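Q: Structure in structure tokens, see below.
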Amino acid sequence: MRDMVSRREFLQAGTAAVALGAAGRAAQLKSLGVQLYTVRSILPQKPEETLAAIKAIGFQEIEATYAGLDQLWPAMQASGMKPVSIHLDSKLVTQGGIDDLSKIFDSLKKRGFEYAVFPYLPEPERGGVEVIKGIADKLNRAGEKCRAAGMSFCYHNHAFEFATEGGSTLFDVLLSHTDKKLVNLELDLFWVSVAGHDPVEMLTKVKGRVPLLHLKDKAKGTPVMFKESVEKSAFKEVGNGVIEWPKVLRAAAAAGVAHYFVEQDQTPGAPVDSLRQSFGYVSKLTF
């Protein structure tokens, strides 16, 4: 056993200390949001009670869904949490009229939302490269109307986008055929991981184009797939799965992420209890 630290170890420790001093103290998230899809099973019946419970946990921001917004809006206002982002009905973008979409963006802006998100491309509307190029055109048009209303437009990924065709993933096709001034990303790290990609590497790849992030963890042993048919038990509270969150949050900060939303599609018990677990982990995490 050595009684003294070697010169090399001493110098390495000193270098690390200088690097930490230059970068400042380890960071923590200052604000954390919740995607209300997590509490969809109880929210319509008990909106005020559910939102008050979420606020009591410590969440400060809301990502809502467009369906049912009018009914939920009074309770959202009463909760004191900030409405930051909203998931649209995908058909408003892929099948609706562009003028109708403009009116929707205007109304969302008046309510204080900053981001509108295309949440999900249904399986019947999916296809190969040419289909995705067509979707990209529609996203660009929606993004233009969204920007005109004073908001930002984002695309939320799942796993199917990472399937490869012709040497490229559909995700890459989508990125290359959307205007980064009009269409940004809400990166869902669970689905990135399900598709076999490293969330840290993906955040680095889309740096500067990912203002929104979904935080949800993945169970060990979840198979790689390019579809959404994972087991319900694959969804874990943040910190209870295999994703390395300190590394992820450092990469997210470097990539320019502005808002972080906890989402858990399936919970083993009461969804508010799962949100409490996730918040307890993330709010104390330094990175």
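Ordered as shown in the structure tokens, chains take letters A, B, and onward, while each chain numbers its residues from 1 and ligands are numbered from 1 in the order shown.
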Quick one: residues within 8 Å of stretch 90-106 of chain A, only C-alpha atoms, excluding same-chain residues fewer than 3 positions away - as a PyMOL selection string?
A: chain A and resi 109-110+116+118-121+135+138-139+141-142+145-146+149+151
Q: Contacts of stretch 166-180 of chain A at 10 Å or less, counting only C-alpha atoms, minus same-chain residues fewer than 6 places along, as a ChimeraX atom specification?
A: /A:127-141,143-144,153-155,157-160,206,208-209
Q: Using N, CA and C atoms, can you write the selected residues to a file as an mmCIF file, in the first residue's frame?
A:
data_model
loop_
_atom_site.group_PDB
_atom_site.id
_atom_site.type_symbol
_atom_site.label_atom_id
_atom_site.label_comp_id
_atom_site.auth_asym_id
_atom_site.auth_seq_id
_atom_site.Cartn_x
_atom_site.Cartn_y
_atom_site.Cartn_z
ATOM 1 N N GLY A 127 -43.460 5.996 -43.750
ATOM 2 C CA GLY A 127 -42.950 5.353 -44.950
ATOM 3 C C GLY A 127 -41.457 5.565 -45.051
ATOM 4 N N GLY A 128 -40.931 5.411 -46.249
ATOM 5 C CA GLY A 128 -39.505 5.547 -46.460
ATOM 6 C C GLY A 128 -39.072 6.978 -46.674
ATOM 7 N N VAL A 129 -37.947 7.128 -47.349
ATOM 8 C CA VAL A 129 -37.318 8.434 -47.523
ATOM 9 C C VAL A 129 -38.253 9.439 -48.187
ATOM 10 N N GLU A 130 -38.931 9.054 -49.247
ATOM 11 C CA GLU A 130 -39.782 10.003 -49.973
ATOM 12 C C GLU A 130 -40.956 10.465 -49.118
ATOM 13 N N VAL A 131 -41.512 9.554 -48.325
ATOM 14 C CA VAL A 131 -42.597 9.937 -47.414
ATOM 15 C C VAL A 131 -42.092 10.943 -46.385
ATOM 16 N N ILE A 132 -40.916 10.682 -45.840
ATOM 17 C CA ILE A 132 -40.359 11.583 -44.830
ATOM 18 C C ILE A 132 -40.036 12.947 -45.427
ATOM 19 N N LYS A 133 -39.599 12.981 -46.663
ATOM 20 C CA LYS A 133 -39.367 14.269 -47.323
ATOM 21 C C LYS A 133 -40.666 15.061 -47.430
ATOM 22 N N GLY A 134 -41.758 14.364 -47.747
ATOM 23 C CA GLY A 134 -43.054 15.028 -47.805
ATOM 24 C C GLY A 134 -43.491 15.559 -46.453
ATOM 25 N N ILE A 135 -43.232 14.785 -45.392
ATOM 26 C CA ILE A 135 -43.536 15.242 -44.034
ATOM 27 C C ILE A 135 -42.692 16.461 -43.692
ATOM 28 N N ALA A 136 -41.442 16.445 -44.104
ATOM 29 C CA ALA A 136 -40.550 17.579 -43.841
ATOM 30 C C ALA A 136 -41.097 18.858 -44.468
ATOM 31 N N ASP A 137 -41.637 18.757 -45.675
ATOM 32 C CA ASP A 137 -42.226 19.933 -46.326
ATOM 33 C C ASP A 137 -43.375 20.495 -45.492
ATOM 34 N N LYS A 138 -44.202 19.606 -44.974
ATOM 35 C CA LYS A 138 -45.333 20.055 -44.157
ATOM 36 C C LYS A 138 -44.853 20.660 -42.839
ATOM 37 N N LEU A 139 -43.803 20.107 -42.279
ATOM 38 C CA LEU A 139 -43.235 20.667 -41.051
ATOM 39 C C LEU A 139 -42.674 22.061 -41.301
ATOM 40 N N ASN A 140 -42.023 22.235 -42.444
ATOM 41 C CA ASN A 140 -41.492 23.559 -42.779
ATOM 42 C C ASN A 140 -42.604 24.597 -42.894
ATOM 43 N N ARG A 141 -43.706 24.215 -43.544
ATOM 44 C CA ARG A 141 -44.821 25.150 -43.687
ATOM 45 C C ARG A 141 -45.426 25.488 -42.328
ATOM 46 N N GLY A 143 -43.835 25.320 -39.483
ATOM 47 C CA GLY A 143 -42.841 26.102 -38.762
ATOM 48 C C GLY A 143 -42.847 27.563 -39.169
ATOM 49 N N GLU A 144 -43.104 27.806 -40.437
ATOM 50 C CA GLU A 144 -43.173 29.183 -40.917
ATOM 51 C C GLU A 144 -44.338 29.932 -40.277
ATOM 52 N N PHE A 153 -41.315 26.163 -33.463
ATOM 53 C CA PHE A 153 -41.907 24.882 -33.823
ATOM 54 C C PHE A 153 -40.860 23.780 -33.683
ATOM 55 N N CYS A 154 -41.266 22.647 -33.098
ATOM 56 C CA CYS A 154 -40.334 21.540 -32.866
ATOM 57 C C CYS A 154 -40.949 20.207 -33.291
ATOM 58 N N TYR A 155 -40.074 19.274 -33.595
ATOM 59 C CA TYR A 155 -40.475 17.903 -33.923
ATOM 60 C C TYR A 155 -40.021 16.999 -32.793
ATOM 61 N N ASN A 157 -39.313 13.217 -31.550
ATOM 62 C CA ASN A 157 -38.992 11.907 -32.123
ATOM 63 C C ASN A 157 -39.544 10.745 -31.308
ATOM 64 N N HIS A 158 -39.667 9.614 -31.996
ATOM 65 C CA HIS A 158 -39.852 8.325 -31.327
ATOM 66 C C HIS A 158 -38.705 7.425 -31.775
ATOM 67 N N ALA A 159 -38.949 6.163 -32.022
ATOM 68 C CA ALA A 159 -37.857 5.267 -32.409
ATOM 69 C C ALA A 159 -37.810 4.991 -33.904
ATOM 70 N N PHE A 160 -38.955 5.063 -34.587
ATOM 71 C CA PHE A 160 -38.997 4.656 -35.989
ATOM 72 C C PHE A 160 -38.104 5.523 -36.871
ATOM 73 N N VAL A 206 -27.047 17.155 -32.677
ATOM 74 C CA VAL A 206 -28.094 18.147 -32.986
ATOM 75 C C VAL A 206 -27.884 19.446 -32.207
ATOM 76 N N GLY A 208 -27.492 22.995 -30.939
ATOM 77 C CA GLY A 208 -28.009 24.233 -31.496
ATOM 78 C C GLY A 208 -29.384 24.115 -32.112
ATOM 79 N N ARG A 209 -29.916 22.905 -32.127
ATOM 80 C CA ARG A 209 -31.219 22.699 -32.760
ATOM 81 C C ARG A 209 -32.188 21.972 -31.843
#
Q: What does the structure give for the distance between atom CA of A:Val84 and atom CA of A:Gly112, in Å to one decimal?
A: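 For atom CA of A:Val84 relative to atom CA of A:Gly112, the distance reads 7.1 Å.
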Q: Rank nothing, just name the residue among A:Lys232, A:Lys205, A:Lys82, A:Lys220 nearest to A:Gln264, using only C-alpha atoms.
A: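 Between A:Lys232, A:Lys205, A:Lys82, A:Lys220, the residue approaching A:Gln264 most closely is A:Lys232.
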Q: Name the residues of stretch 89-208 of chain A that come out as helix (DSSP H, G or I) in a backbone DSSP run; write them as a tab-separated table (two decimals) with N, CA and C atoms, in the first residue's frame.
A:
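Generated output (result-v4.tsv):
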chain	number	residue	atom	x	y	z
A	90	SER	N	-51.27	15.83	-34.36
A	90	SER	CA	-50.44	15.71	-35.57
A	90	SER	C	-51.21	15.97	-36.85
A	91	LYS	N	-52.50	15.64	-36.86
A	91	LYS	CA	-53.29	15.82	-38.07
A	91	LYS	C	-53.47	17.28	-38.44
A	92	LEU	N	-53.32	18.17	-37.45
A	92	LEU	CA	-53.38	19.61	-37.75
A	92	LEU	C	-52.28	20.00	-38.72
A	93	VAL	N	-51.16	19.29	-38.64
A	93	VAL	CA	-50.01	19.59	-39.50
A	93	VAL	C	-50.03	18.79	-40.78
A	94	THR	N	-50.36	17.50	-40.68
A	94	THR	CA	-50.25	16.63	-41.86
A	94	THR	C	-51.50	16.64	-42.73
A	98	ILE	N	-53.51	25.13	-43.64
A	98	ILE	CA	-52.44	25.95	-43.08
A	98	ILE	C	-52.99	27.22	-42.43
A	99	ASP	N	-54.10	27.75	-42.95
A	99	ASP	CA	-54.69	28.95	-42.35
A	99	ASP	C	-55.29	28.62	-40.98
A	100	ASP	N	-55.89	27.44	-40.87
A	100	ASP	CA	-56.42	27.02	-39.57
A	100	ASP	C	-55.29	26.89	-38.56
A	101	LEU	N	-54.16	26.38	-39.01
A	101	LEU	CA	-53.01	26.23	-38.13
A	101	LEU	C	-52.50	27.59	-37.67
A	102	SER	N	-52.53	28.58	-38.53
A	102	SER	CA	-52.11	29.92	-38.15
A	102	SER	C	-52.97	30.47	-37.02
A	103	LYS	N	-54.27	30.24	-37.11
A	103	LYS	CA	-55.17	30.70	-36.05
A	103	LYS	C	-54.86	30.01	-34.73
A	104	ILE	N	-54.54	28.73	-34.79
A	104	ILE	CA	-54.22	27.98	-33.58
A	104	ILE	C	-52.94	28.53	-32.94
A	105	PHE	N	-51.92	28.78	-33.76
A	105	PHE	CA	-50.68	29.34	-33.22
A	105	PHE	C	-50.93	30.70	-32.58
A	106	ASP	N	-51.74	31.51	-33.21
A	106	ASP	CA	-52.04	32.83	-32.64
A	106	ASP	C	-52.71	32.70	-31.27
A	107	SER	N	-53.64	31.76	-31.15
A	107	SER	CA	-54.34	31.59	-29.87
A	107	SER	C	-53.40	31.03	-28.80
A	108	LEU	N	-52.49	30.15	-29.20
A	108	LEU	CA	-51.54	29.59	-28.23
A	108	LEU	C	-50.56	30.66	-27.76
A	109	LYS	N	-50.14	31.50	-28.67
A	109	LYS	CA	-49.24	32.60	-28.30
A	109	LYS	C	-49.90	33.51	-27.27
A	110	LYS	N	-51.18	33.81	-27.45
A	110	LYS	CA	-51.90	34.67	-26.51
A	110	LYS	C	-51.98	34.05	-25.12
A	123	GLU	N	-48.49	5.51	-37.46
A	123	GLU	CA	-47.93	4.47	-38.32
A	123	GLU	C	-48.50	4.48	-39.74
A	124	PRO	N	-49.83	4.68	-39.93
A	124	PRO	CA	-50.35	4.68	-41.30
A	124	PRO	C	-49.77	5.78	-42.18
A	125	GLU	N	-49.22	6.82	-41.58
A	125	GLU	CA	-48.66	7.94	-42.35
A	125	GLU	C	-47.16	7.82	-42.54
A	129	VAL	N	-37.95	7.13	-47.35
A	129	VAL	CA	-37.32	8.43	-47.52
A	129	VAL	C	-38.25	9.44	-48.19
A	130	GLU	N	-38.93	9.05	-49.25
A	130	GLU	CA	-39.78	10.00	-49.97
A	130	GLU	C	-40.96	10.46	-49.12
A	131	VAL	N	-41.51	9.55	-48.32
A	131	VAL	CA	-42.60	9.94	-47.41
A	131	VAL	C	-42.09	10.94	-46.39
A	132	ILE	N	-40.92	10.68	-45.84
A	132	ILE	CA	-40.36	11.58	-44.83
A	132	ILE	C	-40.04	12.95	-45.43
A	133	LYS	N	-39.60	12.98	-46.66
A	133	LYS	CA	-39.37	14.27	-47.32
A	133	LYS	C	-40.67	15.06	-47.43
A	134	GLY	N	-41.76	14.36	-47.75
A	134	GLY	CA	-43.05	15.03	-47.81
A	134	GLY	C	-43.49	15.56	-46.45
A	135	ILE	N	-43.23	14.78	-45.39
A	135	ILE	CA	-43.54	15.24	-44.03
A	135	ILE	C	-42.69	16.46	-43.69
A	136	ALA	N	-41.44	16.44	-44.10
A	136	ALA	CA	-40.55	17.58	-43.84
A	136	ALA	C	-41.10	18.86	-44.47
A	137	ASP	N	-41.64	18.76	-45.68
A	137	ASP	CA	-42.23	19.93	-46.33
A	137	ASP	C	-43.38	20.50	-45.49
A	138	LYS	N	-44.20	19.61	-44.97
A	138	LYS	CA	-45.33	20.06	-44.16
A	138	LYS	C	-44.85	20.66	-42.84
A	139	LEU	N	-43.80	20.11	-42.28
A	139	LEU	CA	-43.24	20.67	-41.05
A	139	LEU	C	-42.67	22.06	-41.30
A	140	ASN	N	-42.02	22.24	-42.44
A	140	ASN	CA	-41.49	23.56	-42.78
A	140	ASN	C	-42.60	24.60	-42.89
A	141	ARG	N	-43.71	24.22	-43.54
A	141	ARG	CA	-44.82	25.15	-43.69
A	141	ARG	C	-45.43	25.49	-42.33
A	142	ALA	N	-45.57	24.48	-41.49
A	142	ALA	CA	-46.10	24.73	-40.14
A	142	ALA	C	-45.14	25.60	-39.34
A	143	GLY	N	-43.84	25.32	-39.48
A	143	GLY	CA	-42.84	26.10	-38.76
A	143	GLY	C	-42.85	27.56	-39.17
A	144	GLU	N	-43.10	27.81	-40.44
A	144	GLU	CA	-43.17	29.18	-40.92
A	144	GLU	C	-44.34	29.93	-40.28
A	145	LYS	N	-45.49	29.28	-40.21
A	145	LYS	CA	-46.67	29.90	-39.59
A	145	LYS	C	-46.46	30.06	-38.08
A	146	CYS	N	-45.78	29.10	-37.48
A	146	CYS	CA	-45.51	29.17	-36.05
A	146	CYS	C	-44.60	30.36	-35.73
A	147	ARG	N	-43.58	30.53	-36.53
A	147	ARG	CA	-42.67	31.66	-36.33
A	147	ARG	C	-43.38	32.98	-36.54
A	148	ALA	N	-44.28	33.03	-37.52
A	148	ALA	CA	-45.03	34.26	-37.78
A	148	ALA	C	-45.89	34.66	-36.58
A	160	PHE	N	-38.96	5.06	-34.59
A	160	PHE	CA	-39.00	4.66	-35.99
A	160	PHE	C	-38.10	5.52	-36.87
A	161	GLU	N	-37.88	6.77	-36.46
A	161	GLU	CA	-37.09	7.69	-37.28
A	161	GLU	C	-35.63	7.25	-37.43
A	162	PHE	N	-35.19	6.34	-36.58
A	162	PHE	CA	-33.79	5.93	-36.62
A	162	PHE	C	-33.56	4.66	-37.44
A	170	LEU	N	-33.93	7.74	-41.27
A	170	LEU	CA	-35.03	8.64	-41.58
A	170	LEU	C	-34.91	9.94	-40.78
A	171	PHE	N	-34.32	9.84	-39.60
A	171	PHE	CA	-34.07	11.03	-38.78
A	171	PHE	C	-33.14	11.99	-39.50
A	172	ASP	N	-32.07	11.47	-40.10
A	172	ASP	CA	-31.15	12.31	-40.85
A	172	ASP	C	-31.84	12.95	-42.05
A	173	VAL	N	-32.70	12.18	-42.71
A	173	VAL	CA	-33.45	12.72	-43.84
A	173	VAL	C	-34.34	13.87	-43.37
A	174	LEU	N	-34.99	13.67	-42.25
A	174	LEU	CA	-35.87	14.71	-41.71
A	174	LEU	C	-35.08	15.97	-41.37
A	175	LEU	N	-33.92	15.79	-40.74
A	175	LEU	CA	-33.09	16.94	-40.38
A	175	LEU	C	-32.63	17.71	-41.61
A	176	SER	N	-32.20	16.97	-42.63
A	176	SER	CA	-31.62	17.62	-43.80
A	176	SER	C	-32.68	18.29	-44.68
A	189	LEU	N	-35.15	11.26	-25.16
A	189	LEU	CA	-33.97	10.43	-24.97
A	189	LEU	C	-34.29	8.96	-24.77
A	190	PHE	N	-35.46	8.66	-24.24
A	190	PHE	CA	-35.87	7.27	-24.10
A	190	PHE	C	-35.90	6.60	-25.47
A	191	TRP	N	-36.56	7.24	-26.43
A	191	TRP	CA	-36.71	6.63	-27.75
A	191	TRP	C	-35.40	6.62	-28.51
A	192	VAL	N	-34.56	7.62	-28.28
A	192	VAL	CA	-33.22	7.59	-28.86
A	192	VAL	C	-32.48	6.34	-28.41
A	193	SER	N	-32.59	6.05	-27.11
A	193	SER	CA	-31.91	4.90	-26.53
A	193	SER	C	-32.54	3.59	-27.00
A	194	VAL	N	-33.87	3.54	-27.08
A	194	VAL	CA	-34.55	2.33	-27.57
A	194	VAL	C	-34.07	1.98	-28.98
A	199	PRO	N	-27.68	8.71	-26.17
A	199	PRO	CA	-28.28	10.04	-26.04
A	199	PRO	C	-27.27	11.17	-26.04
A	200	VAL	N	-26.10	10.94	-25.44
A	200	VAL	CA	-25.08	11.99	-25.39
A	200	VAL	C	-24.58	12.31	-26.80
A	201	GLU	N	-24.30	11.27	-27.57
A	201	GLU	CA	-23.85	11.48	-28.94
A	201	GLU	C	-24.92	12.17	-29.78
A	202	MET	N	-26.18	11.80	-29.55
A	202	MET	CA	-27.27	12.41	-30.32
A	202	MET	C	-27.42	13.89	-29.98
A	203	LEU	N	-27.29	14.23	-28.72
A	203	LEU	CA	-27.37	15.64	-28.31
A	203	LEU	C	-26.23	16.44	-28.95
A	204	THR	N	-25.06	15.85	-29.00
A	204	THR	CA	-23.93	16.53	-29.63
A	204	THR	C	-24.18	16.73	-31.12
A	205	LYS	N	-24.79	15.75	-31.75
A	205	LYS	CA	-25.07	15.82	-33.18
A	205	LYS	C	-26.04	16.94	-33.52
Q: For stretch 67-73 of chain A, work out the shell of residues within 12 Å, counting only C-alpha atoms and skipping chain neighbours fewer than 4 positions away, then give it as a PDB file with C-alpha atoms, in the first residue's frame.
A:
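The file below, around.pdb, is the result:
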ATOM      1  CA  LEU A  36     -48.976  16.312 -18.816  1.00  0.00           C
ATOM      2  CA  TYR A  37     -49.354  13.163 -20.919  1.00  0.00           C
ATOM      3  CA  ARG A  40     -53.571  11.674 -18.665  1.00  0.00           C
ATOM      4  CA  LEU A  43     -56.061  14.817 -15.175  1.00  0.00           C
ATOM      5  CA  PRO A  44     -59.489  15.148 -16.868  1.00  0.00           C
ATOM      6  CA  GLN A  45     -61.325  13.996 -13.722  1.00  0.00           C
ATOM      7  CA  LYS A  46     -59.247  15.975 -11.199  1.00  0.00           C
ATOM      8  CA  PRO A  47     -57.484  18.813 -13.022  1.00  0.00           C
ATOM      9  CA  GLU A  48     -57.066  21.249 -10.113  1.00  0.00           C
ATOM     10  CA  GLU A  49     -56.049  18.566  -7.628  1.00  0.00           C
ATOM     11  CA  THR A  50     -53.611  16.889 -10.037  1.00  0.00           C
ATOM     12  CA  LEU A  51     -51.900  20.107 -11.099  1.00  0.00           C
ATOM     13  CA  ILE A  62     -45.892  22.690 -18.154  1.00  0.00           C
ATOM     14  CA  GLU A  63     -45.876  20.990 -21.505  1.00  0.00           C
ATOM     15  CA  GLN A  77     -53.686  29.132 -14.784  1.00  0.00           C
ATOM     16  CA  ALA A  78     -54.649  28.470 -11.175  1.00  0.00           C
ATOM     17  CA  SER A  79     -51.680  26.126 -10.694  1.00  0.00           C
ATOM     18  CA  GLY A  80     -49.121  28.896 -11.047  1.00  0.00           C
ATOM     19  CA  MET A  81     -46.953  26.786 -13.345  1.00  0.00           C
ATOM     20  CA  LYS A  82     -45.762  28.344 -16.595  1.00  0.00           C
ATOM     21  CA  PRO A  83     -47.200  27.007 -19.888  1.00  0.00           C
ATOM     22  CA  ILE A  86     -47.688  22.229 -26.201  1.00  0.00           C
ATOM     23  CA  HIS A  87     -48.051  19.033 -28.227  1.00  0.00           C
ATOM     24  CA  LEU A  88     -50.339  19.541 -31.189  1.00  0.00           C
ATOM     25  CA  ASP A  89     -52.670  17.037 -32.774  1.00  0.00           C
ATOM     26  CA  SER A  90     -50.436  15.715 -35.566  1.00  0.00           C
ATOM     27  CA  LYS A  91     -53.291  15.816 -38.072  1.00  0.00           C
ATOM     28  CA  LEU A  92     -53.384  19.605 -37.752  1.00  0.00           C
ATOM     29  CA  ILE A 104     -54.216  27.977 -33.581  1.00  0.00           C
ATOM     30  CA  SER A 107     -54.341  31.591 -29.872  1.00  0.00           C
ATOM     31  CA  LEU A 108     -51.540  29.586 -28.234  1.00  0.00           C
ATOM     32  CA  ARG A 111     -51.977  32.039 -23.771  1.00  0.00           C
ATOM     33  CA  GLY A 112     -48.243  32.347 -23.260  1.00  0.00           C
ATOM     34  CA  PHE A 113     -46.947  29.228 -24.973  1.00  0.00           C
TER      35      PHE A 113
END
Q: List every residue of stretch 32-127 of chain A that has an atom at most 12 Å from any atom of stretch 251-258 of chain A, and for each one report the closest atom pair and its distance in Å to one decimal, counting only C-alpha atoms, with rows sorted by chain and then by increasing residue number, as CSV.
A:
residue,atom,partner,partner_atom,distance
A:Leu32,CA,A:Ala258,CA,10.3
A:Gly33,CA,A:Ala258,CA,10.9
A:Glu61,CA,A:Ala258,CA,11.7
A:Val84,CA,A:Ala258,CA,10.6
A:Ser85,CA,A:Ala258,CA,11.4
A:Glu114,CA,A:Ala258,CA,11.3
A:Tyr115,CA,A:Ala258,CA,11.2
Q: Figure out the distance between atom CA of A:Lys218 and atom CA of A:Ile57, please, to one decimal in Å.
A: 22.3 Å
Q: Give me, please, the distance in Å between atom CA of A:Gly221 and atom CA of A:Ser274, quoted to one decimal.
A: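 Computed distance, atom CA of A:Gly221 to atom CA of A:Ser274, equals 20.5 Å.
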